[in-house]
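> What follows is protein_24.tsv; its format and atoms are TSV, C-alpha atoms.
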chain	number	residue	atom	x	y	z
A	30	MET	CA	226.44	146.20	-39.80
A	31	THR	CA	228.18	149.53	-39.39
A	32	ASP	CA	227.70	151.98	-42.16
A	33	THR	CA	230.95	153.68	-43.02
A	34	ARG	CA	229.46	155.41	-46.01
A	35	PRO	CA	229.21	159.15	-45.57
A	36	ASP	CA	225.65	160.34	-45.94
A	37	PRO	CA	225.69	164.10	-46.25
A	38	THR	CA	221.97	164.54	-46.68
A	39	GLY	CA	220.85	162.01	-44.08
A	40	SER	CA	217.36	162.10	-45.58
A	41	ALA	CA	215.14	159.43	-47.06
A	42	ALA	CA	215.46	160.94	-50.52
A	43	GLY	CA	219.25	161.12	-50.44
A	44	PRO	CA	220.99	160.20	-53.66
A	45	PRO	CA	222.35	156.66	-53.85
A	46	PRO	CA	225.89	156.44	-52.61
A	47	GLY	CA	228.85	155.69	-54.82
A	48	THR	CA	230.61	156.82	-57.92
A	49	SER	CA	228.92	158.94	-60.60
A	50	PRO	CA	228.51	156.16	-63.17
A	51	ALA	CA	226.75	154.04	-60.55
A	52	THR	CA	224.37	156.84	-59.63
A	53	HIS	CA	223.80	157.53	-63.28
A	54	ALA	CA	222.89	153.93	-64.03
A	55	VAL	CA	220.32	153.83	-61.25
A	56	ASP	CA	218.81	157.14	-62.29
A	57	ALA	CA	218.66	155.99	-65.89
A	58	TYR	CA	216.83	152.83	-64.84
A	59	LEU	CA	214.35	154.77	-62.72
A	60	ASP	CA	213.81	157.34	-65.45
A	61	GLU	CA	213.01	154.63	-67.95
A	62	LEU	CA	210.67	152.93	-65.50
A	63	ALA	CA	208.94	156.25	-64.86
A	64	ARG	CA	208.51	156.75	-68.60
A	65	MET	CA	206.95	153.34	-68.99
A	66	LEU	CA	204.61	154.02	-66.12
A	67	ALA	CA	203.52	157.35	-67.56
A	68	HIS	CA	200.03	156.08	-68.27
A	69	ALA	CA	199.56	154.34	-64.98
A	70	ASP	CA	197.63	155.64	-62.01
A	71	PRO	CA	199.80	158.42	-60.49
A	72	VAL	CA	199.58	157.01	-56.99
A	73	GLU	CA	200.60	153.60	-58.19
A	74	ARG	CA	203.43	155.06	-60.24
A	75	ALA	CA	204.79	156.96	-57.27
A	76	ASP	CA	204.48	153.86	-55.12
A	77	VAL	CA	206.36	151.66	-57.57
A	78	LEU	CA	209.13	154.17	-58.23
A	79	GLY	CA	209.55	154.82	-54.52
A	80	GLY	CA	209.64	151.14	-53.71
A	81	VAL	CA	212.19	150.34	-56.41
A	82	ARG	CA	214.41	153.24	-55.42
A	83	GLU	CA	214.29	152.15	-51.80
A	84	HIS	CA	215.12	148.61	-52.85
A	85	VAL	CA	218.19	149.74	-54.78
A	86	ASP	CA	219.32	152.09	-52.02
A	87	ALA	CA	218.97	149.40	-49.40
A	88	ARG	CA	220.81	146.82	-51.47
A	89	LEU	CA	223.68	149.17	-52.13
A	90	ALA	CA	223.79	150.34	-48.53
A	91	GLU	CA	224.12	146.76	-47.34
A	92	LEU	CA	227.42	146.40	-49.17
A	93	GLY	CA	229.06	148.44	-46.43
A	94	ARG	CA	231.34	150.05	-48.92
A	95	PRO	CA	230.96	152.44	-51.84
A	96	PRO	CA	229.36	150.41	-54.62
A	97	THR	CA	231.15	149.83	-57.89
A	98	GLU	CA	229.58	149.84	-61.31
A	99	ALA	CA	229.53	146.06	-61.16
A	100	ASP	CA	227.56	146.15	-57.92
A	101	VAL	CA	224.98	148.47	-59.43
A	102	THR	CA	224.71	146.37	-62.55
A	103	ALA	CA	224.11	143.31	-60.42
A	104	VAL	CA	221.34	145.00	-58.45
A	105	LEU	CA	219.65	146.36	-61.56
A	106	THR	CA	219.87	143.00	-63.29
A	107	ALA	CA	218.25	141.30	-60.31
A	108	LEU	CA	215.47	143.85	-60.53
A	109	GLY	CA	214.71	142.80	-64.05
A	110	PRO	CA	214.24	145.04	-67.07
A	111	PRO	CA	212.05	148.14	-66.60
A	112	GLU	CA	209.56	146.78	-69.16
A	113	GLN	CA	208.99	143.74	-67.01
A	114	VAL	CA	208.41	145.82	-63.91
A	115	ALA	CA	206.12	148.26	-65.71
A	116	GLY	CA	204.28	145.34	-67.26
A	117	GLU	CA	203.18	144.22	-63.85
A	118	ALA	CA	201.63	147.55	-62.97
A	119	SER	CA	197.85	147.30	-62.98
A	120	ALA	CA	198.36	144.39	-65.33
A	121	GLY	CA	196.40	141.86	-63.41
A	122	ALA	CA	192.87	141.95	-62.21
A	123	PRO	CA	191.99	144.68	-59.75
A	124	ALA	CA	193.31	144.02	-56.27
A	125	PRO	CA	191.78	140.84	-54.95
A	126	PHE	CA	188.53	141.22	-53.07
A	127	ALA	CA	187.87	144.70	-54.37
A	128	PRO	CA	184.67	143.60	-56.16
A	129	ARG	CA	183.62	141.59	-53.13
A	130	ARG	CA	183.45	144.73	-51.07
A	131	LYS	CA	180.29	145.65	-52.86
A	132	ARG	CA	178.44	142.56	-51.75
A	133	PRO	CA	175.21	143.36	-49.96
A	134	GLY	CA	175.78	143.78	-46.24
A	135	THR	CA	173.38	143.46	-43.41
A	136	LEU	CA	169.72	144.40	-43.52
A	137	THR	CA	169.64	145.61	-47.08
A	138	GLY	CA	166.23	144.36	-48.13
A	139	THR	CA	163.93	146.86	-49.77
A	140	TRP	CA	161.61	146.63	-46.77
A	141	VAL	CA	164.27	147.96	-44.42
A	142	PRO	CA	164.23	151.69	-45.19
A	143	LEU	CA	160.47	152.02	-44.85
A	144	VAL	CA	160.16	150.01	-41.67
A	145	THR	CA	163.16	151.72	-40.11
A	146	THR	CA	162.15	155.31	-40.79
A	147	LEU	CA	158.52	154.63	-39.95
A	148	ALA	CA	159.52	153.12	-36.63
A	149	LEU	CA	161.73	156.08	-35.78
A	150	PHE	CA	159.03	158.53	-36.84
A	151	LEU	CA	156.17	156.94	-34.93
A	152	GLY	CA	158.52	156.38	-32.06
A	153	PHE	CA	159.38	159.98	-31.52
A	154	LEU	CA	155.88	161.27	-32.28
A	155	GLY	CA	154.40	159.08	-29.60
A	156	SER	CA	157.20	159.77	-27.15
A	157	ALA	CA	154.78	160.54	-24.34
A	158	LEU	CA	153.88	156.87	-24.14
A	159	VAL	CA	156.04	153.85	-23.50
A	160	LEU	CA	155.14	151.61	-26.46
A	161	PRO	CA	156.30	154.14	-29.08
A	162	TRP	CA	159.73	154.15	-27.43
A	163	VAL	CA	159.93	150.41	-27.96
A	164	VAL	CA	159.01	151.00	-31.59
A	165	TRP	CA	161.64	153.75	-31.76
A	166	LEU	CA	164.24	151.40	-30.33
A	167	VAL	CA	163.49	148.85	-33.03
A	168	GLY	CA	163.94	151.55	-35.63
A	169	ALA	CA	167.17	152.72	-34.04
A	170	VAL	CA	168.61	149.21	-34.01
A	171	LEU	CA	167.61	148.65	-37.63
A	172	LEU	CA	169.19	151.92	-38.64
A	173	GLY	CA	172.33	151.24	-36.67
A	174	VAL	CA	172.90	147.74	-37.99
A	175	SER	CA	171.87	148.11	-41.61
A	176	THR	CA	174.62	148.79	-44.09
A	177	LEU	CA	172.36	150.93	-46.26
A	178	TRP	CA	173.33	154.16	-44.54
A	179	THR	CA	176.57	155.92	-43.68
A	180	VAL	CA	177.68	156.44	-40.12
A	181	ARG	CA	176.85	160.11	-40.32
A	182	GLU	CA	173.36	159.38	-41.63
A	183	LYS	CA	172.80	156.93	-38.81
A	184	VAL	CA	173.97	159.38	-36.17
A	185	LEU	CA	171.73	162.11	-37.55
A	186	GLY	CA	168.73	159.81	-37.83
A	187	ILE	CA	169.00	158.39	-34.36
A	188	GLY	CA	170.09	161.63	-32.75
A	189	LEU	CA	167.48	163.92	-34.25
A	190	SER	CA	164.59	161.52	-33.70
A	191	LEU	CA	165.70	161.03	-30.12
A	192	VAL	CA	165.96	164.77	-29.45
A	193	ALA	CA	162.62	165.34	-31.18
A	194	GLY	CA	160.99	162.71	-29.02
A	195	ILE	CA	162.42	164.20	-25.85
A	196	GLY	CA	161.45	167.65	-27.06
A	197	LEU	CA	157.87	166.61	-27.55
A	198	ILE	CA	157.80	165.18	-24.04
A	199	ALA	CA	159.21	168.46	-22.73
A	200	LEU	CA	156.58	170.40	-24.61
A	201	LEU	CA	153.84	168.23	-23.22
A	202	ALA	CA	155.21	168.55	-19.71
A	203	ALA	CA	155.53	172.30	-20.06
A	204	SER	CA	151.94	172.68	-21.21
A	205	LEU	CA	150.73	170.51	-18.34
A	206	LEU	CA	152.70	172.55	-15.87
A	207	VAL	CA	151.34	175.77	-17.23
A	208	ALA	CA	147.83	174.48	-16.75
A	209	GLU	CA	148.53	173.74	-13.13
A	210	VAL	CA	149.69	177.14	-12.19
A	211	CYS	CA	146.27	178.70	-12.35
A	212	THR	CA	145.62	180.35	-9.05
A	213	THR	CA	142.85	182.16	-7.51
A	214	ILE	CA	144.12	185.57	-6.65
A	215	GLY	CA	141.11	187.39	-5.50
A	216	VAL	CA	137.56	187.27	-4.40
A	217	GLU	CA	135.56	190.39	-5.07
A	218	GLY	CA	131.93	190.76	-4.69
A	219	GLY	CA	131.20	187.11	-5.04
A	220	GLU	CA	133.30	186.63	-8.05
A	221	THR	CA	136.53	184.80	-8.02
A	222	THR	CA	139.27	185.91	-10.26
A	223	THR	CA	141.66	183.37	-11.45
A	224	THR	CA	144.84	184.05	-13.17
A	225	CYS	CA	146.85	181.42	-14.87
A	226	GLU	CA	150.46	182.03	-14.48
A	227	GLY	CA	153.09	179.93	-16.01
A	228	THR	CA	155.97	180.68	-18.24
A	229	THR	CA	155.74	184.04	-19.87
A	230	PRO	CA	154.24	184.07	-23.35
A	231	VAL	CA	157.63	184.78	-24.91
A	232	ASP	CA	159.29	181.80	-23.21
A	233	GLY	CA	156.45	179.55	-24.27
A	234	ILE	CA	156.62	180.57	-27.88
A	235	VAL	CA	160.40	180.23	-27.99
A	236	LEU	CA	160.21	176.74	-26.53
A	237	VAL	CA	157.52	175.68	-28.96
A	238	ALA	CA	159.46	177.15	-31.87
A	239	ILE	CA	162.68	175.38	-30.94
A	240	ILE	CA	161.04	172.05	-30.38
A	241	GLY	CA	158.96	172.51	-33.47
A	242	ALA	CA	162.10	173.12	-35.50
A	243	VAL	CA	163.74	169.97	-34.11
A	244	VAL	CA	160.65	167.93	-34.89
A	245	VAL	CA	160.58	169.25	-38.45
A	246	ALA	CA	164.30	168.59	-38.83
A	247	ALA	CA	163.86	165.06	-37.57
A	248	GLY	CA	160.98	164.50	-39.92
A	249	VAL	CA	162.85	165.85	-42.92
A	250	THR	CA	165.94	163.80	-42.05
A	251	LEU	CA	163.89	160.63	-41.81
A	252	VAL	CA	162.32	161.29	-45.18
A	253	VAL	CA	165.78	161.82	-46.69
A	254	LEU	CA	167.04	158.62	-45.05
A	255	LEU	CA	164.02	156.78	-46.38
A	256	ARG	CA	164.60	157.91	-49.94
A	257	ARG	CA	168.32	157.28	-49.90
A	258	GLY	CA	167.93	153.93	-48.20
A	259	HIS	CA	165.27	152.89	-50.67
A	260	ALA	CA	167.40	153.85	-53.67
A	261	ARG	CA	170.41	152.00	-52.29
A	262	ALA	CA	168.41	148.90	-51.38
A	263	GLN	CA	167.01	148.78	-54.88
A	264	ALA	CA	170.46	149.12	-56.39
A	265	LEU	CA	171.59	146.10	-54.40
A	266	ALA	CA	168.53	144.00	-55.08
B	21	MET	CA	213.73	127.00	-67.61
B	22	VAL	CA	212.54	126.04	-71.03
B	23	PRO	CA	211.58	129.08	-73.13
B	24	GLY	CA	207.80	129.22	-73.22
B	25	ASP	CA	207.59	128.24	-69.59
B	26	GLU	CA	207.90	131.91	-68.77
B	27	GLY	CA	204.50	132.75	-70.26
B	28	ILE	CA	202.77	130.01	-68.34
B	29	LEU	CA	204.61	131.01	-65.20
B	30	THR	CA	203.46	134.59	-65.60
B	31	ASN	CA	199.84	133.48	-65.71
B	32	LEU	CA	200.20	131.18	-62.74
B	33	ARG	CA	201.89	133.90	-60.75
B	34	ARG	CA	198.98	136.26	-61.39
B	35	GLY	CA	196.70	134.02	-59.40
B	36	ALA	CA	198.92	133.22	-56.47
B	37	LEU	CA	201.79	135.62	-55.99
B	38	GLU	CA	199.81	138.30	-54.19
B	39	TYR	CA	198.73	135.74	-51.63
B	40	CYS	CA	202.28	134.55	-51.17
B	41	VAL	CA	203.21	138.11	-50.25
B	42	LEU	CA	200.28	138.26	-47.84
B	43	ALA	CA	201.41	134.95	-46.34
B	44	LEU	CA	204.90	136.34	-45.67
B	45	LEU	CA	203.36	139.32	-43.91
B	46	ALA	CA	201.08	137.17	-41.79
B	47	ASP	CA	203.61	136.88	-39.00
B	48	GLY	CA	204.98	140.39	-39.00
B	49	GLU	CA	205.98	143.32	-41.11
B	50	TRP	CA	208.62	143.12	-43.78
B	51	TYR	CA	210.29	145.73	-45.89
B	52	GLY	CA	210.43	145.49	-49.64
B	53	LEU	CA	213.96	144.24	-50.04
B	54	ASP	CA	213.47	141.30	-47.70
B	55	ILE	CA	210.25	140.29	-49.42
B	56	ALA	CA	212.00	140.47	-52.78
B	57	ARG	CA	214.90	138.40	-51.52
B	58	ARG	CA	212.69	135.75	-49.96
B	59	LEU	CA	210.33	135.37	-52.89
B	60	GLY	CA	212.88	135.98	-55.62
B	61	ALA	CA	215.46	133.48	-54.40
B	62	ASP	CA	214.46	130.65	-56.70
B	63	GLY	CA	213.22	132.74	-59.61
B	64	ILE	CA	209.96	130.82	-59.61
B	65	LEU	CA	207.53	132.95	-57.64
B	66	LEU	CA	209.01	136.25	-58.71
B	67	GLY	CA	210.36	137.10	-62.13
B	68	GLY	CA	212.60	140.09	-61.65
B	69	GLU	CA	212.73	141.45	-58.12
B	70	GLY	CA	211.33	144.72	-59.42
B	71	THR	CA	208.00	143.10	-60.30
B	72	LEU	CA	207.31	142.92	-56.58
B	73	TYR	CA	206.73	146.65	-56.34
B	74	PRO	CA	203.75	147.07	-58.65
B	75	LEU	CA	202.26	144.12	-56.81
B	76	LEU	CA	202.79	145.77	-53.44
B	77	ALA	CA	201.31	149.00	-54.83
B	78	ARG	CA	198.20	147.09	-55.92
B	79	LEU	CA	197.86	145.39	-52.57
B	80	ARG	CA	198.14	148.74	-50.84
B	81	LYS	CA	195.60	150.30	-53.16
B	82	GLY	CA	193.23	147.45	-52.46
B	83	GLY	CA	193.60	147.92	-48.71
B	84	LEU	CA	195.16	144.51	-48.14
B	85	VAL	CA	198.46	145.84	-46.86
B	86	GLU	CA	199.50	149.06	-45.18
B	87	THR	CA	202.91	150.70	-45.00
B	88	GLN	CA	204.85	152.35	-42.24
B	89	TRP	CA	208.12	154.22	-42.46
B	90	ARG	CA	210.76	153.07	-40.00
B	91	GLU	CA	214.27	154.20	-39.30
B	92	SER	CA	216.98	151.90	-40.51
B	93	ALA	CA	220.46	151.40	-39.10
B	94	THR	CA	221.96	150.83	-42.51
B	95	GLY	CA	220.68	153.75	-44.51
B	96	PRO	CA	217.66	155.92	-45.15
B	97	PRO	CA	214.27	155.16	-43.54
B	98	ARG	CA	212.48	152.22	-45.08
B	99	ARG	CA	208.89	151.40	-45.82
B	100	TYR	CA	207.65	148.38	-43.90
B	101	TYR	CA	204.65	146.47	-45.19
B	102	ALA	CA	202.07	144.95	-42.87
B	103	LEU	CA	198.90	142.96	-43.34
B	104	THR	CA	195.54	144.65	-42.73
B	105	ASP	CA	192.46	142.84	-41.47
B	106	ALA	CA	191.14	142.68	-45.00
B	107	GLY	CA	194.47	141.26	-46.10
B	108	ARG	CA	194.29	138.59	-43.45
B	109	ARG	CA	190.80	137.65	-44.55
B	110	ALA	CA	191.94	137.47	-48.17
B	111	LEU	CA	194.85	135.26	-47.20
B	112	ASP	CA	192.61	132.91	-45.24
B	113	ALA	CA	190.20	132.64	-48.13
B	114	PHE	CA	193.04	131.88	-50.53
B	115	ALA	CA	194.49	129.24	-48.22
B	116	ARG	CA	191.09	127.57	-48.05
B	117	THR	CA	190.76	127.54	-51.81
B	118	TRP	CA	194.37	126.76	-52.73
B	119	ALA	CA	194.69	123.30	-51.20
B	120	PRO	CA	191.75	121.73	-53.00
B	121	PHE	CA	192.76	123.48	-56.21
B	122	ARG	CA	196.36	122.32	-55.99
B	123	ASP	CA	195.29	118.80	-55.18
B	124	ALA	CA	192.85	118.75	-58.09
B	125	VAL	CA	195.50	119.96	-60.52
B	126	ASP	CA	198.07	117.52	-59.18
B	127	SER	CA	195.79	114.55	-59.43
B	128	THR	CA	194.66	115.52	-62.93
B	129	LEU	CA	198.24	115.96	-64.06
B	130	GLY	CA	199.21	112.75	-62.29
B	131	SER	CA	199.88	110.64	-65.34
B	132	HIS	CA	201.96	113.36	-66.99
B	133	ARG	CA	204.43	113.93	-64.16
Once you've parsed the file, please lay out its structure as structure tokens.

Amino acid sequence: MTDTRPDPTGSAAGPPPGTSPATHAVDAYLDELARMLAHADPVERADVLGGVREHVDARLAELGRPPTEADVTAVLTALGPPEQVAGEASAGAPAPFAPRRKRPGTLTGTWVPLVTTLALFLGFLGSALVLPWVVWLVGAVLLGVSTLWTVREKVLGIGLSLVAGIGLIALLAASLLVAEVCTTIGVEGGETTTTCEGTTPVDGIVLVAIIGAVVVAAGVTLVVLLRRGHARAQALA
Amino acid sequence: MVPGDEGILTNLRRGALEYCVLALLADGEWYGLDIARRLGADGILLGGEGTLYPLLARLRKGGLVETQWRESATGPPRRYYALTDAGRRALDAFARTWAPFRDAVDSTLGSHR
């Protein structure tokens, strides 16, 4: 359908085409609808008004010619009186399924937060051994799957405990390495002098401090996750 | 329509009309005017065509439909409505529940029809 109607604005919010009385009638309808929706949710009001305006514009545009007053009257009549339209707004129950969204999800038992955070905690503390990593993995899976925590909380929990575990391994490895770099550097008069040389004291302290901070952060995070998870699980129980 | 039917119709619509909209959108996106025309044709599902829009607003608010602006050949850009995953799930659940419900009502009304 070719549109021979001139559209000076060419924008979505352009005024309806046609004679002044036609435009006036549409505006009057929309104004009255807006008034009746004054107490409705602003987003919903904007949505309804926008939708109705679009509907009218599209109907009139389809005519392919400038609409007459009769055309406009027909469109507005088909819409139904503003009271009827406004009456439908937030009239019924809340959108279907909205309450259902709150149904308990996966792994929301009250045992979950404790087991999960404990597993992650023991897991990273014992990171030098293999079995704790298995325990950590269980905790990570529980944390990832359970719907008790937000995505960000899960990422922080898994990430920090993982980094803390690796950090503790690094610390252990570093201390072992330092111990191995003791060398005998001199023999004088029957006495051997041994110097242990490893990382400089400053490096060592910095490393311990950083890893210590990560471990503390992981620990604190897990405690927070435990408390939040527990509160949420109880609310759902 | 006999006066008085309108009140009953309004109540019946409240339970089913949203799902009828979802059903239309199941196969593709529609814009408001087309939905209004399709559902409003017989005056049974939809009262005035305008009552569609608060319904669409509610569906959008509830995350069951989403909208997309598209250019139109015959005028200003139009909002197209499409089903979301949640909307599809809602529609499926309604379809599962509707048939037994309709059959139960029909059979109970049987002697009165």
> Could you tell me, as a short mmCIF file (atom, residue, chain, number, x, y, z; two decimals) with C-alpha atoms, in the frame of the given file, which residues have any atom at most 6 Å from (165.5, 166.4, -30.1), counting all atoms listed in the file?

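Below is the file that was written, selection16.cif:
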data_model
loop_
_atom_site.label_atom_id
_atom_site.label_comp_id
_atom_site.auth_asym_id
_atom_site.auth_seq_id
_atom_site.Cartn_x
_atom_site.Cartn_y
_atom_site.Cartn_z
CA LEU A 189 167.48 163.92 -34.25
CA LEU A 191 165.70 161.03 -30.12
CA VAL A 192 165.96 164.77 -29.45
CA ALA A 193 162.62 165.34 -31.18
CA GLY A 194 160.99 162.71 -29.02
CA ILE A 195 162.42 164.20 -25.85
CA GLY A 196 161.45 167.65 -27.06
CA VAL A 243 163.74 169.97 -34.11
#
> With distances taken over all atoms listed in the file, which residue among A:Pro71, A:Gly138, A:Pro111, A:Pro95 lies nearest chain B?
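Closest to chain B of all the choices is A:Pro111.
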> Please determine, counting all atoms listed in the file, which residue among B:Tyr39, B:Leu29, B:Ala56, B:Trp89 has the shortest atom-to-atom distance to Arg116 in chain B.
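So, comparing all the options, the nearest one is B:Tyr39.
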> Within 12 Å of (193.8, 145.4, -37.8) (coordinates as in the file), grab all the protein and nucleic acid residues, counting all atoms listed in the file, and write them out as a ChimeraX atom specification.
/B:46,83-86,102-109
> Could those selected residues go to a file with C-alpha atoms, as a tab-separated table (two decimals), in the coordinates of the input?

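Contents of again-v3.tsv, freshly written:
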chain	number	residue	atom	x	y	z
B	46	ALA	CA	201.08	137.17	-41.79
B	83	GLY	CA	193.60	147.92	-48.71
B	84	LEU	CA	195.16	144.51	-48.14
B	85	VAL	CA	198.46	145.84	-46.86
B	86	GLU	CA	199.50	149.06	-45.18
B	102	ALA	CA	202.07	144.95	-42.87
B	103	LEU	CA	198.90	142.96	-43.34
B	104	THR	CA	195.54	144.65	-42.73
B	105	ASP	CA	192.46	142.84	-41.47
B	106	ALA	CA	191.14	142.68	-45.00
B	107	GLY	CA	194.47	141.26	-46.10
B	108	ARG	CA	194.29	138.59	-43.45
B	109	ARG	CA	190.80	137.65	-44.55
> Using 10 Å as the limit and counting all atoms listed in the file, can you tabulate each residue of chain B that touches chain A, with its shortest atom-to-atom distance in Å and the two atoms involved, as a tab-separated table?

residue	atom	partner	partner_atom	distance
B:Thr30	CA	A:Glu117	CA	9.8
B:Asn31	CA	A:Gly121	CA	9.3
B:Arg34	CA	A:Gly121	CA	6.5
B:Gly35	CA	A:Gly121	CA	8.8
B:Glu38	CA	A:Pro125	CA	8.5
B:Tyr39	CA	A:Pro125	CA	9.2
B:Tyr51	CA	A:His84	CA	8.9
B:Gly52	CA	A:His84	CA	6.5
B:Leu53	CA	A:His84	CA	5.3
B:Asp54	CA	A:His84	CA	9.1
B:Ala56	CA	A:His84	CA	8.7
B:Arg57	CA	A:Ala107	CA	9.8
B:Gly60	CA	A:Ala107	CA	8.9
B:Gly63	CA	A:Ala107	CA	10.0
B:Gly67	CA	A:Gly109	CA	7.4
B:Gly68	CA	A:Gly109	CA	4.2
B:Glu69	CA	A:Leu108	CA	4.4
B:Gly70	CA	A:Leu108	CA	4.4
B:Thr71	CA	A:Val114	CA	4.5
B:Leu72	CA	A:Val114	CA	8.0
B:Tyr73	CA	A:Val77	CA	5.2
B:Pro74	CA	A:Ala118	CA	4.8
B:Leu75	CA	A:Ala118	CA	7.1
B:Leu76	CA	A:Val77	CA	8.0
B:Ala77	CA	A:Glu73	CA	5.7
B:Arg78	CA	A:Ala124	CA	5.8
B:Leu79	CA	A:Ala124	CA	6.0
B:Arg80	CA	A:Ala124	CA	8.7
B:Lys81	CA	A:Ala124	CA	7.4
B:Gly82	CA	A:Ala124	CA	5.1
B:Gly83	CA	A:Ala124	CA	8.5
B:Leu84	CA	A:Ala124	CA	8.4
B:Trp89	CA	A:Ala41	CA	9.9
B:Glu91	CA	A:Ala41	CA	9.4
B:Ser92	CA	A:Ala87	CA	9.4
B:Ala93	CA	A:Asp32	CA	7.9
B:Thr94	CA	A:Asp32	CA	5.9
B:Gly95	CA	A:Ala90	CA	6.1
B:Pro96	CA	A:Ala41	CA	4.7
B:Pro97	CA	A:Ala41	CA	5.6
B:Arg98	CA	A:Glu83	CA	7.0
B:Arg99	CA	A:Gly80	CA	7.9
B:Ala106	CA	A:Phe126	CA	8.6
B:Gly107	CA	A:Phe126	CA	9.2
B:Arg109	CA	A:Phe126	CA	9.5
B:Ala110	CA	A:Phe126	CA	7.0
> Do a neighbour search on Val167 in chain A at 9 Å with only C-alpha atoms, toss out local chain neighbours closer than 6 positions, and write the hits as a list in words.
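The filter keeps Thr145, Ala148 and Leu149 of chain A.
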> Which one is closest to His259 in chain A: A:Ala103, A:Tyr58, A:Ala157, A:Leu143? Count all atoms listed in the file.
A:Leu143
> What gap, in Å, lies between CA of Ala67 in chain A and CA of Thr52 in chain A?
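We find that CA of Ala67 in chain A and CA of Thr52 in chain A lie 22.3 Å from each other.
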> Fewer than 5 positions away in the same chain doesn't count, so skip those; otherwise give me all residues within 12 Å of Thr139 in chain A, counting all atoms listed in the file, as a list of chain:residue names.
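Those residues are A:Pro133, A:Val144, A:Thr145, A:Ser175, A:Leu177, A:Leu255, A:Arg256, A:Arg257, A:Gly258, A:His259, A:Ala260, A:Arg261, A:Ala262, A:Gln263, A:Ala264, A:Leu265, A:Ala266.
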> Could you tell me how far CA of Asp56 in chain A sits from CA of Asp100 in chain A, in Å to one decimal place?
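One can read the CA of Asp100 in chain A to CA of Asp56 in chain A distance as 14.7 Å.
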> How many Å lie between CA of Trp165 in chain A and CA of Val235 in chain A, rounded to one decimal?
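Going from CA of Trp165 in chain A over to CA of Val235 in chain A covers 26.8 Å.
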